[in-house]
$ cat work-v2.txt   # compact mmCIF, C-alpha atoms
# COMPACT_ATOMS: atom_id res chain seq x y z
CA MET U 1 47.69 -57.52 236.96
CA THR U 2 46.32 -54.20 238.22
CA PHE U 3 46.75 -52.31 241.49
CA ALA U 4 44.21 -50.50 243.66
CA TRP U 5 46.95 -48.28 245.13
CA PRO U 6 49.71 -48.08 242.51
CA LEU U 7 51.47 -45.16 244.23
CA ALA U 8 52.70 -47.60 246.86
CA LEU U 9 54.95 -49.15 244.21
CA LEU U 10 57.10 -46.02 244.40
CA ALA U 11 58.51 -47.51 247.59
CA LEU U 12 60.33 -50.04 245.41
CA ALA U 13 62.72 -47.22 244.52
CA VAL U 14 64.09 -47.45 248.07
CA ILE U 15 65.34 -51.00 247.52
CA PRO U 16 68.39 -50.07 245.38
CA VAL U 17 69.29 -47.52 248.10
CA LEU U 18 69.09 -50.23 250.76
CA VAL U 19 71.32 -52.48 248.66
CA ALA U 20 73.89 -49.70 248.27
CA LEU U 21 73.83 -48.99 252.02
CA TYR U 22 74.32 -52.66 252.83
CA ILE U 23 77.28 -52.98 250.46
CA ASP U 24 78.84 -49.82 251.92
CA ARG U 25 78.31 -51.09 255.48
CA ASP U 26 79.90 -54.43 254.60
CA ARG U 27 82.95 -52.73 253.15
CA ARG U 28 83.30 -50.55 256.25
CA ARG U 29 83.06 -53.64 258.46
CA VAL U 30 85.87 -55.37 256.58
CA ALA U 31 88.01 -52.22 256.72
CA SER U 32 87.47 -51.78 260.46
CA GLN U 33 88.49 -55.38 261.11
CA ALA U 34 91.73 -54.77 259.24
CA GLU U 35 92.50 -51.70 261.39
CA PHE U 36 92.17 -53.52 264.71
CA GLY U 37 93.61 -56.88 263.81
CA ASN U 38 95.57 -58.96 261.34
CA PRO U 39 93.24 -60.53 258.73
CA ASP U 40 95.84 -63.26 258.12
CA LEU U 41 95.20 -64.60 261.65
CA LEU U 42 91.44 -64.99 261.07
CA PRO U 43 91.61 -68.62 259.81
CA ASN U 44 93.24 -69.59 263.14
CA MET U 45 90.37 -68.05 265.14
CA VAL U 46 87.28 -69.42 263.33
CA ASP U 47 86.40 -72.82 261.87
CA ARG U 48 85.43 -71.42 258.49
CA GLU U 49 84.60 -68.15 256.82
CA PRO U 50 80.94 -67.57 255.89
CA GLY U 51 81.98 -66.44 252.43
CA ARG U 52 79.22 -65.50 250.07
CA LEU U 53 76.66 -67.37 252.17
CA ARG U 54 76.52 -64.36 254.48
CA TYR U 55 74.64 -62.52 251.72
CA LEU U 56 71.89 -65.14 251.55
CA PRO U 57 69.69 -63.98 254.48
CA PRO U 58 69.79 -60.28 253.47
CA LEU U 59 69.00 -61.25 249.89
CA ILE U 60 65.98 -63.30 250.97
CA MET U 61 64.82 -60.42 253.19
CA LEU U 62 65.17 -58.07 250.25
CA VAL U 63 62.93 -60.24 248.09
CA ALA U 64 60.44 -60.43 250.98
CA LEU U 65 60.44 -56.64 251.12
CA VAL U 66 59.58 -56.49 247.42
CA PHE U 67 56.58 -58.78 247.97
CA LEU U 68 55.47 -56.68 250.96
CA VAL U 69 55.57 -53.46 248.95
CA VAL U 70 53.64 -55.02 246.07
CA GLY U 71 51.12 -56.36 248.58
CA VAL U 72 50.60 -52.88 250.04
CA ALA U 73 49.71 -51.70 246.52
CA ARG U 74 46.74 -54.13 246.69
CA PRO U 75 47.30 -56.13 243.48
CA HIS U 76 44.34 -57.52 241.55
CA ALA U 77 44.44 -60.45 239.13
CA THR U 78 41.94 -62.24 236.91
CA VAL U 79 41.37 -65.74 238.27
CA ASN U 80 39.08 -68.60 237.28
CA VAL U 81 36.37 -69.37 239.80
CA PRO U 82 33.61 -72.01 239.61
CA ARG U 83 30.32 -70.90 238.11
CA GLU U 84 27.30 -71.36 240.33
CA GLU U 85 24.85 -71.75 237.45
CA ALA U 86 24.71 -71.55 233.66
CA THR U 87 22.84 -72.98 230.69
CA ILE U 88 24.45 -75.13 228.01
CA VAL U 89 22.63 -76.36 224.92
CA LEU U 90 24.08 -79.31 223.01
CA ALA U 91 23.15 -79.04 219.32
CA MET U 92 23.68 -82.49 217.81
CA ASP U 93 23.91 -83.12 214.07
CA VAL U 94 21.81 -86.18 213.14
CA SER U 95 22.20 -85.92 209.37
CA ARG U 96 22.83 -88.96 207.18
CA SER U 97 26.59 -88.38 207.12
CA MET U 98 26.73 -88.86 210.91
CA LYS U 99 26.22 -92.59 210.22
CA ALA U 100 29.77 -92.82 208.86
CA THR U 101 31.97 -95.30 210.72
CA ASP U 102 35.30 -93.50 210.35
CA VAL U 103 34.80 -92.47 214.00
CA GLU U 104 33.89 -95.70 215.78
CA PRO U 105 31.28 -96.97 216.17
CA THR U 106 29.69 -94.13 214.16
CA ARG U 107 30.10 -90.38 214.25
CA LEU U 108 26.71 -89.98 215.90
CA ASP U 109 27.27 -92.70 218.49
CA ALA U 110 30.69 -91.33 219.38
CA ALA U 111 29.22 -87.84 219.75
CA ARG U 112 26.42 -89.22 221.89
CA THR U 113 28.79 -91.12 224.20
CA ALA U 114 31.10 -88.13 224.56
CA ALA U 115 28.12 -85.88 225.35
CA LYS U 116 27.20 -88.15 228.24
CA THR U 117 30.75 -87.86 229.55
CA PHE U 118 30.45 -84.10 229.19
CA LEU U 119 27.50 -84.14 231.60
CA ASP U 120 29.85 -85.39 234.31
CA GLU U 121 32.25 -82.51 233.71
CA VAL U 122 29.83 -79.62 234.28
CA PRO U 123 28.49 -78.63 237.72
CA GLU U 124 25.23 -80.20 238.87
CA LYS U 125 23.41 -76.86 239.00
CA PHE U 126 24.06 -76.24 235.31
CA ARG U 127 21.05 -76.62 233.05
CA VAL U 128 21.75 -78.68 229.96
CA GLY U 129 19.47 -78.91 226.92
CA VAL U 130 19.59 -80.93 223.71
CA VAL U 131 18.71 -79.77 220.20
CA SER U 132 18.96 -82.16 217.24
CA PHE U 133 19.15 -81.02 213.65
CA ALA U 134 18.95 -82.59 210.22
CA THR U 135 16.62 -81.01 207.61
CA ARG U 136 15.20 -78.98 210.48
CA ALA U 137 16.09 -78.37 214.11
CA ALA U 138 14.05 -79.82 216.97
CA VAL U 139 14.23 -79.63 220.76
CA GLY U 140 15.19 -82.96 222.35
CA VAL U 141 14.88 -81.59 225.87
CA ALA U 142 14.68 -78.04 227.18
CA PRO U 143 17.52 -76.93 229.49
CA THR U 144 17.16 -78.80 232.77
CA GLU U 145 19.17 -79.87 235.80
CA ASP U 146 17.77 -83.38 235.47
CA ARG U 147 20.63 -85.33 233.87
CA GLU U 148 18.45 -88.40 233.28
CA LEU U 149 16.20 -86.42 230.95
CA VAL U 150 19.24 -85.22 229.03
CA VAL U 151 20.62 -88.75 228.70
CA THR U 152 17.22 -89.98 227.48
CA ALA U 153 17.14 -87.22 224.87
CA LEU U 154 20.62 -88.21 223.67
CA ASP U 155 19.62 -91.88 223.45
CA THR U 156 16.63 -91.09 221.23
CA LEU U 157 18.67 -89.27 218.57
CA ALA U 158 18.27 -90.94 215.17
CA PRO U 159 19.87 -90.12 211.78
CA GLY U 160 17.90 -88.05 209.27
CA GLU U 161 18.60 -85.93 206.19
CA GLY U 162 20.07 -82.45 205.75
CA THR U 163 22.23 -80.26 207.98
CA ALA U 164 20.35 -77.16 209.17
CA ILE U 165 23.17 -75.66 211.23
CA GLY U 166 21.75 -72.13 211.21
CA ASP U 167 18.34 -73.33 212.41
CA ALA U 168 20.01 -75.34 215.18
CA VAL U 169 21.97 -72.35 216.50
CA ALA U 170 18.92 -70.07 216.33
CA LEU U 171 16.75 -72.60 218.17
CA SER U 172 19.45 -73.19 220.78
CA LEU U 173 19.44 -69.47 221.53
CA ARG U 174 15.70 -69.45 222.14
CA VAL U 175 15.01 -72.73 223.92
CA GLY U 176 14.34 -72.23 227.62
CA GLN U 177 15.35 -68.58 227.50
CA GLN U 178 11.95 -67.15 228.46
CA GLN U 179 11.75 -69.40 231.52
CA GLU U 180 15.21 -68.32 232.64
CA GLN U 181 14.35 -64.65 232.16
CA ASP U 182 11.12 -65.02 234.16
CA GLU U 183 13.01 -66.69 237.01
CA ALA U 184 15.64 -63.95 236.91
CA ASP U 185 12.95 -61.25 237.06
CA GLU U 186 11.36 -62.92 240.10
CA SER U 187 14.68 -63.15 241.94
CA GLU U 188 15.76 -59.68 240.71
CA GLU U 189 19.03 -61.16 239.48
CA GLU U 190 20.65 -61.44 236.06
CA ALA U 191 19.82 -64.47 233.94
CA PRO U 192 22.57 -67.12 234.09
CA PRO U 193 25.12 -67.14 231.24
CA ARG U 194 24.43 -69.38 228.27
CA ALA U 195 26.59 -71.27 225.79
CA VAL U 196 25.90 -73.48 222.78
CA VAL U 197 27.96 -76.48 221.70
CA VAL U 198 27.40 -77.61 218.10
CA ILE U 199 28.59 -81.09 217.12
CA SER U 200 28.53 -81.67 213.37
CA ASP U 201 30.56 -82.97 210.44
CA GLY U 202 29.77 -80.63 207.61
CA ALA U 203 28.49 -77.49 205.99
CA ARG U 204 24.92 -76.29 205.86
CA ASP U 205 22.51 -78.42 203.84
CA GLY U 206 19.00 -77.05 204.16
CA GLY U 207 17.27 -74.98 206.81
CA ARG U 208 15.77 -71.51 206.78
CA VAL U 209 18.36 -69.60 208.80
CA GLU U 210 21.80 -68.89 207.41
CA PRO U 211 24.60 -70.00 209.79
CA ALA U 212 26.23 -66.57 209.54
CA GLU U 213 22.97 -64.89 210.54
CA ALA U 214 22.51 -67.25 213.49
CA ALA U 215 26.09 -66.60 214.61
CA GLN U 216 25.44 -62.85 214.53
CA GLN U 217 22.36 -63.36 216.70
CA ALA U 218 24.47 -65.29 219.18
CA ARG U 219 27.09 -62.55 219.24
CA ARG U 220 24.48 -59.85 219.90
CA ARG U 221 23.10 -61.87 222.81
CA GLY U 222 26.54 -62.57 224.22
CA VAL U 223 26.21 -66.33 223.74
CA PRO U 224 29.39 -68.07 222.52
CA VAL U 225 28.82 -70.96 220.13
CA HIS U 226 31.54 -73.61 220.42
CA THR U 227 31.69 -75.91 217.40
CA VAL U 228 33.12 -79.42 217.14
CA LEU U 229 33.90 -80.93 213.74
CA VAL U 230 33.69 -84.73 213.76
CA GLY U 231 35.04 -87.06 211.10
CA THR U 232 37.96 -87.87 208.81
CA PRO U 233 38.47 -87.34 205.06
CA ASP U 234 37.92 -91.09 204.59
CA GLY U 235 34.36 -91.09 205.93
CA VAL U 236 31.77 -92.94 203.83
CA VAL U 237 28.13 -93.93 204.21
CA GLU U 238 26.72 -97.13 202.69
CA GLU U 239 23.07 -97.30 201.65
CA GLU U 240 21.09 -100.29 200.43
CA LEU U 241 19.20 -99.81 197.16
CA THR U 242 16.42 -101.75 195.56
CA GLY U 243 17.58 -105.06 194.09
CA GLY U 244 20.24 -105.67 196.72
CA PHE U 245 22.60 -103.02 195.38
CA ARG U 246 24.67 -100.80 197.64
CA ARG U 247 25.60 -97.17 197.18
CA ILE U 248 28.72 -95.76 198.80
CA ILE U 249 28.69 -92.01 199.46
CA ARG U 250 31.83 -90.15 200.47
CA VAL U 251 31.15 -87.76 203.39
CA PRO U 252 34.37 -85.92 204.28
CA PRO U 253 33.89 -83.29 207.02
CA ASN U 254 33.62 -79.65 205.98
CA PRO U 255 35.05 -77.23 208.58
CA GLU U 256 34.33 -73.86 206.95
CA THR U 257 30.82 -73.28 208.27
CA LEU U 258 31.63 -74.37 211.81
CA GLN U 259 34.77 -72.24 211.85
CA GLN U 260 32.77 -69.22 210.74
CA VAL U 261 30.05 -69.75 213.36
CA ALA U 262 32.57 -70.12 216.19
CA ALA U 263 34.65 -67.12 215.15
CA THR U 264 31.65 -64.82 214.66
CA SER U 265 29.90 -65.73 217.91
CA GLY U 266 33.02 -65.63 220.09
CA GLY U 267 33.24 -69.38 220.60
CA THR U 268 35.97 -71.92 219.88
CA PHE U 269 36.32 -74.33 216.97
CA PHE U 270 37.55 -77.88 217.59
CA GLU U 271 38.40 -80.59 215.07
CA VAL U 272 38.49 -84.25 216.12
CA PHE U 273 39.18 -87.44 214.20
CA ASP U 274 38.29 -90.16 216.68
CA ALA U 275 36.23 -90.92 219.77
CA GLU U 276 39.14 -90.26 222.13
CA GLY U 277 39.68 -86.79 220.66
CA LEU U 278 35.98 -86.08 221.02
CA ASN U 279 36.09 -87.00 224.70
CA LYS U 280 39.05 -84.68 225.27
CA VAL U 281 37.18 -81.80 223.63
CA TYR U 282 34.18 -82.37 225.85
CA GLU U 283 36.43 -82.49 228.93
CA GLU U 284 38.03 -79.18 227.94
CA LEU U 285 34.66 -77.57 227.27
CA GLY U 286 33.32 -78.88 230.57
CA SER U 287 36.24 -77.34 232.42
CA ARG U 288 36.01 -74.07 230.49
CA LEU U 289 32.25 -73.63 230.80
CA GLY U 290 32.32 -74.65 234.45
CA THR U 291 34.46 -71.65 235.42
CA ARG U 292 34.34 -67.92 234.90
CA GLU U 293 36.92 -65.18 235.10
CA GLN U 294 36.75 -62.89 238.13
CA ASP U 295 38.84 -59.93 239.20
CA ARG U 296 40.19 -60.71 242.67
CA GLU U 297 42.49 -58.92 245.09
CA ILE U 298 45.53 -61.11 245.81
CA THR U 299 47.18 -59.08 248.57
CA ASP U 300 46.95 -62.12 250.83
CA VAL U 301 49.08 -64.15 248.40
CA PHE U 302 51.90 -61.59 248.38
CA ALA U 303 51.70 -61.17 252.16
CA ALA U 304 51.92 -64.93 252.70
CA ILE U 305 54.95 -65.20 250.39
CA ALA U 306 56.65 -62.30 252.18
CA VAL U 307 56.11 -63.87 255.63
CA ALA U 308 57.40 -67.22 254.39
CA LEU U 309 60.55 -65.58 252.98
CA LEU U 310 61.17 -63.70 256.25
CA LEU U 311 60.93 -66.96 258.18
CA ILE U 312 63.34 -68.62 255.74
CA ALA U 313 65.79 -65.72 256.11
CA ALA U 314 65.65 -65.87 259.92
CA THR U 315 66.03 -69.66 259.99
CA THR U 316 68.96 -69.56 257.57
CA SER U 317 70.73 -66.89 259.61
CA VAL U 318 70.22 -68.70 262.93
CA PHE U 319 71.42 -72.10 261.72
CA LEU U 320 74.27 -70.92 259.51
CA PHE U 321 75.61 -67.95 261.46
CA ARG U 322 74.09 -68.33 264.94
CA ARG U 323 72.54 -64.87 264.77
CA VAL U 324 69.27 -63.19 263.79
CA PRO U 325 69.48 -60.95 260.74

$ encode --input "work-v2.txt" --output "structure tokens"
Amino acid sequence: MTFAWPLALLALAVIPVLVALYIDRDRRRVASQAEFGNPDLLPNMVDREPGRLRYLPPLIMLVALVFLVVGVARPHATVNVPREEATIVLAMDVSRSMKATDVEPTRLDAARTAAKTFLDEVPEKFRVGVVSFATRAAVGVAPTEDRELVVTALDTLAPGEGTAIGDAVALSLRVGQQQEQDEADESEEEAPPRAVVVISDGARDGGRVEPAEAAQQARRRGVPVHTVLVGTPDGVVEEELTGGFRRIIRVPPNPETLQQVAATSGGTFFEVFDAEGLNKVYEELGSRLGTREQDREITDVFAAIAVALLLIAATTSVFLFRRVP
């Protein structure tokens, strides 16, 4: 928390003085009562003594005063506010290992279903694009607000060979960027923020761009790349061979490349082992990408709390002691 007028906080130094004056006044009041009467007769004159409850209203007022002083200093805090627009590119791994059934029904199908759920989590004005990658990366659909086009692109994803993670990140950075920049130039506003979400189960296998190089490009452009590792160590892929034989290939997930890409670009790495976990990751990303941090003055919050405390102090004093503090 920061303050636009921090010098006002010096007024808080007066509060201990007020406490000392109140305690001294209370002691003088008790002493004066003893001079003009017999304290032992007090129980016969009143129903009950207020006891320590008499300190409650002044204490509440004191806390209210603290909030008022802090409010005068015009505090600022970083709060999350909804984004009006942004671009998100979903880079989907369609390599052979994504056919593994350790994440039901398959890794690819689970990722596809969760991606569709993700579309419901982000604001309608967000542009969402799809990039698929196996041996090479290809654009499924350029960033668009049309959710039906995105769903169609997700439905057409089919398994291939290879895992060109670096190519996928590099292509995700470029796709639709020129159009966004042209629109920003026409409106004389900044281009909307962009983020990339990579869903994969392994390390790089093919491609022309190194994942580390692509992550550096993303960092220079200020585009975080969030990576999601899908799969369990027990993942296998079965392939039919000539003659009716079957070949079983172990395809355990490899987190190192995805961890490196996320860390370098300023994104977040997630690891999931089932479809439910994948849905939770997408929900978290949808919530995170759908908001942005903004510095906001919160004087009104402190003022409202102070007024509420003053009302509580007055109400307590009236009902308990039949007097206004």

$ atom_distance --input "work-v2.txt" --atom1 "CA of Val228 (chain U)" --atom2 "CA of Ala158 (chain U)"
18.9 Å

$ residues_around --input "work-v2.txt" --residues "Val72 (chain U)" --least-positions-apart "4" --cutoff "9 Å" --atoms "all atoms listed in the file" --output "list in words"
Trp5, Pro6, Ala8, Leu9, Phe67, Leu68, Thr299, Phe302 and Ala303 of chain U

$ atom_distance --input "work-v2.txt" --atom1 "CA of Gly266 (chain U)" --atom2 "CA of Leu154 (chain U)"
26.0 Å

$ residues_around --input "work-v2.txt" --residues "Pro57 (chain U)" --least-positions-apart "2" --cutoff "8 Å" --atoms "all atoms listed in the file" --output "list in words"
Arg54, Tyr55, Leu59, Ile60, Met61, Ile312, Ala313, Ala314, Thr316, Ser317 and Pro325 of chain U

$ write_last_selection --input "work-v2.txt" --atoms "C-alpha atoms" --output "short mmCIF file (atom, residue, chain, number, x, y, z; two decimals), keeping the file's coordinate frame"
data_model
loop_
_atom_site.label_atom_id
_atom_site.label_comp_id
_atom_site.auth_asym_id
_atom_site.auth_seq_id
_atom_site.Cartn_x
_atom_site.Cartn_y
_atom_site.Cartn_z
CA ARG U 54 76.52 -64.36 254.48
CA TYR U 55 74.64 -62.52 251.72
CA LEU U 59 69.00 -61.25 249.89
CA ILE U 60 65.98 -63.30 250.97
CA MET U 61 64.82 -60.42 253.19
CA ILE U 312 63.34 -68.62 255.74
CA ALA U 313 65.79 -65.72 256.11
CA ALA U 314 65.65 -65.87 259.92
CA THR U 316 68.96 -69.56 257.57
CA SER U 317 70.73 -66.89 259.61
CA PRO U 325 69.48 -60.95 260.74
#

$ residues_around --input "work-v2.txt" --residues "Gly206 (chain U)" --least-positions-apart "6" --cutoff "6 Å" --atoms "all atoms listed in the file" --output "compact mmCIF listing (two decimals) with C-alpha atoms, in the coordinates of the input"
# COMPACT_ATOMS: atom_id res chain seq x y z
CA THR U 135 16.62 -81.01 207.61
CA GLY U 162 20.07 -82.45 205.75
CA THR U 163 22.23 -80.26 207.98
CA ALA U 164 20.35 -77.16 209.17

$ atom_distance --input "work-v2.txt" --atom1 "CA of Arg250 (chain U)" --atom2 "CA of Ala100 (chain U)"
9.0 Å

$ residues_around --input "work-v2.txt" --residues "Thr101 (chain U)" --least-positions-apart "2" --cutoff "12 Å" --atoms "only C-alpha atoms" --output "ChimeraX atom specification"
/U:96-99,103-110,230-238,250-252,273-275
